[in-house]
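Participant: My structure is below; once you've seen it, I'll send some questions.
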Amino acid sequence: MNSLYTYLFIAALLFSLGIFGVFQRRSLIGMLIAIELMLNAASINFMAFNRFLAPDPIVGQIYTLFIMGIAAAEAAIALSIIVALFRRLRSIDIERAQELRG
Amino acid sequence: MTSSWFQDPTLLAAALAALLPFVTFALIMIFTRPYPKLSAALSIAAVSVSLFCALFLLGSHWHLEKPIQYTAKWMISGDIYIPFGFLLDQLSLLMLTIVAVISFLVQVYSLGYMAGDPGFARYYAFQSLFAWAMMTMTIAPTMLQFYVFWELVGLASYLLIGFYYEKFSASEAGKKAFVMTRFGDIAFFLGLLLVLFNFGNLNILDMNSVDVTARMSPALITLSAILIFGGVAGKSAQFPLLTWLPDAMEGPTPVSALLHSATMVAAGVYMFARIFPFFSNSAAAMTTFLAIGTITMLLASTMAMVTRDIKQVWAYSTISQLGFMVMGLAAGSYFAGIFHLTTHAGFKALLFLCSGVFIHEYETNDFFEMGKYGGRGLKVPMVCITLAAAALSGLPPLSGFFSKEAIMGGLAGLHNPVWLWAGLLGAFLTAYYSFRLIFAILFPQKIEKPHHGEHGGHGHGHDGGHHHAGIYWVMAWPLIILASLTLVLGFFQTPLENFLVGHHGGGEAHGGHHAWLLYVAVGLALSGVGLAWLEFGRKGASQVGFIEKVEPISALFANRWYIDHFYRRFLDYFIYGIVSNLFTRNDRRVIDGGIDGICRATVGSGWALSFLQSGMLQYNLMVMFAVLALVALYFFF
């Protein structure tokens, strides 16, 4: 039970959920949360590979720390974009933001 | 080489003579343009040094055995380099001296003629530019260097013709001269390339050696000789490129004296003489040149018979005398051509400078008006212009007589007598038109006081120069020097011939066994003068030439045989009407159409593809994901 494949499976599930969320949610906040899920799936993969395959240098853990940092920065930027969009459209619904339609 | 640079007086003198005017040109253009006096002083100082160097070179190499050549590498690229340097032989030394003497005299003369002109400093800068280009061209050791400076001389000519650039006709004339000579130069350059590719070398001494016949086929030599002659035809205003020279008289008169009669236009003939052995390898080419020279000489003489503009007369006579030189050279008498070039440079510069005094004084170019206002009152220029005209007509004992006799002797040596007859006819016409002008000034039918006030009071005597005596004498001294040259130069025929062709190089027919020719030529010249006297000189003469009585012929001559009209027509109908029309169409339809088509295609395809962009962020993301997934699949499996 406590093997690498368990973790990879969980991570794949999480990533698929994230993808699904990004494609399906019409609210920008929902999409942002889904993206966070995908990032976490990637983090789990890094941790799992680090733990089971290459325990000595803790590169995987360092990567995870980086991902967390990047996720925070990304959340800040994305939220500010969302706020700006909200000011303009009075909504955060992705279907309202279609001004670039061809 | 560099160590001996300053120790070898010959090299130093050649370098100084050729380069100082350029330094002056740069100095004047950059620093001293606001100071006309200083600029003129600089320019004259430089040309004096050049003159001194040229005379020194001529003196110290009077008994030159074989040509001295200095070359340095210039523009090296791999194994190929273009040599740059000096070639001093008899011909280039003589020409260098001619150029230096005339440049010096003209620059001194210009002090008077151009006094007070707003472009005074610019004028002297251009004069220096010309002196540099002309001298460096004269002593060029390779045809490439020759060509480069040939073009620079053309540039100086353009700048000086268009010197009064505010005047529309002057700037037009400059353009015409530049473009027209360019036609000849294209041919010249093509000829040079032909020689370069087939002979592998443009060194003048090599081109003149017998190697050429071994390395190039006769047809190729003829072709390249005729192409190179295109340059001569352009620069020396030979048929059919002769109409730029009369228009070039729009420049200041000293410029006409220096460039468009004595030195620059003679550059074409000089080039002919420079590679004379090369040209004489091809008999067919030489006959062509002979024909071109003859046609030019006769055409220009007839044009000179009807014009009323003093500078135009001398311009046409320059063309016809250049035709004479080309005839002399093409007839194979090398020395006769060069000798006529030398004497012509002297007397033609004199003619122009004298005319300049008249023009300066009466502010008109019409010599009938000059006569009316008392032109004969200006004693020094009047005597000088008469002397020079007599030399031009080939009257003994002036310089023109000797050189023209030499050419006639050369023509008499040919099998076909047509050339000699044409030459004699030309001599007759020359005498007629020169003395038509002289008599018109000397014996006007009625003398009036000039009606413009500021020039009052020079009806007779030295009064003409009274109120600005200093300027008058600055202009008169060069005249006197040139006049004495015209008087004595003819007697230097034998020493010059020894210098140029060597003692053994005789065998050329002049005078000697053609004694009858001497009398015929002088007789014809005198009858030309006599005819002019009958029509213009004697008391109660009608002052209407026999040509002017026949309306159609005089119109033909006055319109320069419609050569310009022909060019105009050709330009209008062929170049503008057909060629340029086709190019315009090509531009509109093919090039513009092509670009427009590409634009329209881009816009259209963009519009067609824009339905893909729905504006939905998530569709974009899906496509991105799908593509990435496919890429991943491709790389992993």
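By convention in this document, the chains of the structure tokens carry letters A, B, ... by their order, each chain's residues are numbered from 1, and ligands are numbered from 1 in the order they are shown.
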Any idea what's packed within 9 Å of Gly60 of chain A, counting only C-alpha atoms, ignoring anything in its chain fewer than 2 positions away? Could you give it as a tab-separated table (two decimals) with C-alpha atoms, in the first residue's frame?

Facilitator:
chain	number	residue	atom	x	y	z
A	43	SER	CA	4.63	18.56	-5.94
A	45	ASN	CA	5.17	13.54	-7.73
A	46	PHE	CA	8.42	15.29	-6.85
A	47	MET	CA	8.18	14.27	-3.20
A	48	ALA	CA	7.30	10.67	-4.08
A	49	PHE	CA	10.18	10.28	-6.53
A	50	ASN	CA	12.50	11.86	-4.03
A	51	ARG	CA	11.39	9.56	-1.28
A	54	ALA	CA	16.64	9.17	-4.99
A	55	PRO	CA	16.53	9.81	-1.26
A	57	PRO	CA	20.07	14.56	-2.39
A	58	ILE	CA	16.87	16.21	-1.39
A	62	ILE	CA	13.69	21.73	-2.81
A	63	TYR	CA	11.64	21.66	-5.98
A	64	THR	CA	8.51	21.38	-3.96
A	65	LEU	CA	9.48	24.41	-1.94

Participant: Near Val22 of chain A, within 6 Å and counting only C-alpha atoms, which residues show up once chain neighbours fewer than 3 positions away are dropped, as a count of residues only?

Facilitator: 4

Participant: Only residues of chain A matter here; which ones have an atom within 12 Å of chain B, counting only C-alpha atoms? Give them as an NGL selection string.

Facilitator: :A and (16 or 19-28 or 31 or 35 or 93-102)

Participant: Please save C-alpha atoms of the selected residues as a PDB file, in the first residue's frame.

Facilitator:
ATOM      1  CA  SER A  16      -6.826  15.170 -13.756  1.00  0.00           C
ATOM      2  CA  ILE A  19      -7.392  19.808 -15.615  1.00  0.00           C
ATOM      3  CA  PHE A  20     -11.065  19.052 -15.433  1.00  0.00           C
ATOM      4  CA  GLY A  21     -11.604  21.975 -13.114  1.00  0.00           C
ATOM      5  CA  VAL A  22      -9.740  24.368 -15.359  1.00  0.00           C
ATOM      6  CA  PHE A  23     -11.768  23.302 -18.373  1.00  0.00           C
ATOM      7  CA  GLN A  24     -15.087  23.092 -16.676  1.00  0.00           C
ATOM      8  CA  ARG A  25     -15.305  25.953 -14.224  1.00  0.00           C
ATOM      9  CA  ARG A  26     -16.600  29.201 -15.595  1.00  0.00           C
ATOM     10  CA  SER A  27     -15.519  31.253 -12.628  1.00  0.00           C
ATOM     11  CA  LEU A  28     -11.971  32.546 -12.674  1.00  0.00           C
ATOM     12  CA  MET A  31      -9.968  27.961 -12.384  1.00  0.00           C
ATOM     13  CA  ILE A  35      -4.522  25.269 -11.237  1.00  0.00           C
ATOM     14  CA  ASP A  93     -17.326  34.864 -15.213  1.00  0.00           C
ATOM     15  CA  ILE A  94     -14.995  33.702 -17.985  1.00  0.00           C
ATOM     16  CA  GLU A  95     -17.797  33.754 -20.524  1.00  0.00           C
ATOM     17  CA  ARG A  96     -18.110  37.523 -20.136  1.00  0.00           C
ATOM     18  CA  ALA A  97     -14.469  38.045 -21.052  1.00  0.00           C
ATOM     19  CA  GLN A  98     -14.690  37.361 -24.769  1.00  0.00           C
ATOM     20  CA  GLU A  99     -13.592  40.619 -26.278  1.00  0.00           C
ATOM     21  CA  LEU A 100     -10.857  38.941 -28.349  1.00  0.00           C
ATOM     22  CA  ARG A 101     -13.341  36.833 -30.249  1.00  0.00           C
ATOM     23  CA  GLY A 102     -12.353  36.657 -33.929  1.00  0.00           C
TER      24      GLY A 102
END

Participant: What does the structure give for the distance between atom CA of Gly337 of chain B and atom CA of Met325 of chain B, in Å to one decimal?

Facilitator: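 Atom CA of Gly337 of chain B sits 4.6 Å away from atom CA of Met325 of chain B.
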
Participant: I want to know what sits within 12 Å of Asn2 of chain A, based on only C-alpha atoms, with residues of the same chain fewer than 4 positions away left out; could you give that as a list in words?

Facilitator: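 Counting only C-alpha atoms, the residues come to Thr6, Tyr7, Leu8, Phe9, Ile10, Ala48, Arg51 and Phe52 of chain A.
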
Participant: Could you save the residues just selected, with all heavy atoms, as a PDB file, in the first residue's frame?

Facilitator:
ATOM      1  N   THR A   6       1.159   4.232  -5.353  1.00  0.00           N
ATOM      2  CA  THR A   6       0.043   4.855  -4.635  1.00  0.00           C
ATOM      3  C   THR A   6       0.118   6.358  -4.800  1.00  0.00           C
ATOM      4  O   THR A   6      -0.857   7.036  -5.188  1.00  0.00           O
ATOM      5  CB  THR A   6       0.106   4.506  -3.137  1.00  0.00           C
ATOM      6  OG1 THR A   6       0.390   3.126  -3.022  1.00  0.00           O
ATOM      7  CG2 THR A   6      -1.210   4.849  -2.456  1.00  0.00           C
ATOM      8  N   TYR A   7       1.311   6.880  -4.523  1.00  0.00           N
ATOM      9  CA  TYR A   7       1.467   8.334  -4.590  1.00  0.00           C
ATOM     10  C   TYR A   7       1.254   8.835  -6.008  1.00  0.00           C
ATOM     11  O   TYR A   7       0.620   9.852  -6.256  1.00  0.00           O
ATOM     12  CB  TYR A   7       2.844   8.762  -4.067  1.00  0.00           C
ATOM     13  CG  TYR A   7       2.976   8.457  -2.601  1.00  0.00           C
ATOM     14  CD1 TYR A   7       3.649   7.342  -2.131  1.00  0.00           C
ATOM     15  CD2 TYR A   7       2.354   9.325  -1.679  1.00  0.00           C
ATOM     16  CE1 TYR A   7       3.739   7.074  -0.792  1.00  0.00           C
ATOM     17  CE2 TYR A   7       2.445   9.054  -0.324  1.00  0.00           C
ATOM     18  CZ  TYR A   7       3.147   7.935   0.122  1.00  0.00           C
ATOM     19  OH  TYR A   7       3.211   7.689   1.431  1.00  0.00           O
ATOM     20  N   LEU A   8       1.867   8.089  -7.011  1.00  0.00           N
ATOM     21  CA  LEU A   8       1.711   8.528  -8.404  1.00  0.00           C
ATOM     22  C   LEU A   8       0.261   8.515  -8.810  1.00  0.00           C
ATOM     23  O   LEU A   8      -0.225   9.416  -9.496  1.00  0.00           O
ATOM     24  CB  LEU A   8       2.513   7.610  -9.333  1.00  0.00           C
ATOM     25  CG  LEU A   8       4.023   7.768  -9.266  1.00  0.00           C
ATOM     26  CD1 LEU A   8       4.696   6.919 -10.349  1.00  0.00           C
ATOM     27  CD2 LEU A   8       4.449   9.213  -9.405  1.00  0.00           C
ATOM     28  N   PHE A   9      -0.441   7.522  -8.361  1.00  0.00           N
ATOM     29  CA  PHE A   9      -1.868   7.433  -8.676  1.00  0.00           C
ATOM     30  C   PHE A   9      -2.628   8.617  -8.106  1.00  0.00           C
ATOM     31  O   PHE A   9      -3.405   9.272  -8.784  1.00  0.00           O
ATOM     32  CB  PHE A   9      -2.419   6.109  -8.139  1.00  0.00           C
ATOM     33  CG  PHE A   9      -3.861   5.926  -8.436  1.00  0.00           C
ATOM     34  CD1 PHE A   9      -4.278   5.601  -9.762  1.00  0.00           C
ATOM     35  CD2 PHE A   9      -4.841   6.083  -7.452  1.00  0.00           C
ATOM     36  CE1 PHE A   9      -5.612   5.445 -10.031  1.00  0.00           C
ATOM     37  CE2 PHE A   9      -6.183   5.925  -7.751  1.00  0.00           C
ATOM     38  CZ  PHE A   9      -6.569   5.601  -9.038  1.00  0.00           C
ATOM     39  N   ILE A  10      -2.344   8.894  -6.836  1.00  0.00           N
ATOM     40  CA  ILE A  10      -3.025  10.042  -6.208  1.00  0.00           C
ATOM     41  C   ILE A  10      -2.701  11.323  -6.971  1.00  0.00           C
ATOM     42  O   ILE A  10      -3.574  12.144  -7.277  1.00  0.00           O
ATOM     43  CB  ILE A  10      -2.609  10.147  -4.722  1.00  0.00           C
ATOM     44  CG1 ILE A  10      -3.196   8.961  -3.953  1.00  0.00           C
ATOM     45  CG2 ILE A  10      -3.092  11.474  -4.118  1.00  0.00           C
ATOM     46  CD1 ILE A  10      -2.704   8.870  -2.524  1.00  0.00           C
ATOM     47  N   ALA A  48       7.318  12.141  -4.027  1.00  0.00           N
ATOM     48  CA  ALA A  48       7.302  10.668  -4.085  1.00  0.00           C
ATOM     49  C   ALA A  48       8.565  10.144  -4.737  1.00  0.00           C
ATOM     50  O   ALA A  48       9.224   9.226  -4.214  1.00  0.00           O
ATOM     51  CB  ALA A  48       6.079  10.210  -4.864  1.00  0.00           C
ATOM     52  N   ARG A  51      11.448  10.501  -2.396  1.00  0.00           N
ATOM     53  CA  ARG A  51      11.385   9.560  -1.275  1.00  0.00           C
ATOM     54  C   ARG A  51      11.770   8.151  -1.709  1.00  0.00           C
ATOM     55  O   ARG A  51      12.561   7.485  -1.076  1.00  0.00           O
ATOM     56  CB  ARG A  51       9.957   9.580  -0.687  1.00  0.00           C
ATOM     57  CG  ARG A  51       9.564   8.443   0.226  1.00  0.00           C
ATOM     58  CD  ARG A  51      10.199   8.620   1.612  1.00  0.00           C
ATOM     59  NE  ARG A  51       9.793   7.562   2.483  1.00  0.00           N
ATOM     60  CZ  ARG A  51      10.271   6.296   2.420  1.00  0.00           C
ATOM     61  NH1 ARG A  51      11.169   5.985   1.512  1.00  0.00           N
ATOM     62  NH2 ARG A  51       9.871   5.388   3.284  1.00  0.00           N
ATOM     63  N   PHE A  52      11.225   7.670  -2.843  1.00  0.00           N
ATOM     64  CA  PHE A  52      11.406   6.258  -3.199  1.00  0.00           C
ATOM     65  C   PHE A  52      12.592   5.988  -4.108  1.00  0.00           C
ATOM     66  O   PHE A  52      13.143   4.908  -4.094  1.00  0.00           O
ATOM     67  CB  PHE A  52      10.125   5.728  -3.865  1.00  0.00           C
ATOM     68  CG  PHE A  52       9.000   5.603  -2.897  1.00  0.00           C
ATOM     69  CD1 PHE A  52       7.947   6.508  -2.876  1.00  0.00           C
ATOM     70  CD2 PHE A  52       8.995   4.546  -1.972  1.00  0.00           C
ATOM     71  CE1 PHE A  52       6.928   6.378  -1.976  1.00  0.00           C
ATOM     72  CE2 PHE A  52       7.957   4.427  -1.074  1.00  0.00           C
ATOM     73  CZ  PHE A  52       6.918   5.344  -1.062  1.00  0.00           C
TER      74      PHE A  52
END

Participant: Would you compute the distance between atom CA of Ala285 of chain B and atom CA of Thr213 of chain B? Give it in Å to one decimal.

Facilitator: 14.4 Å
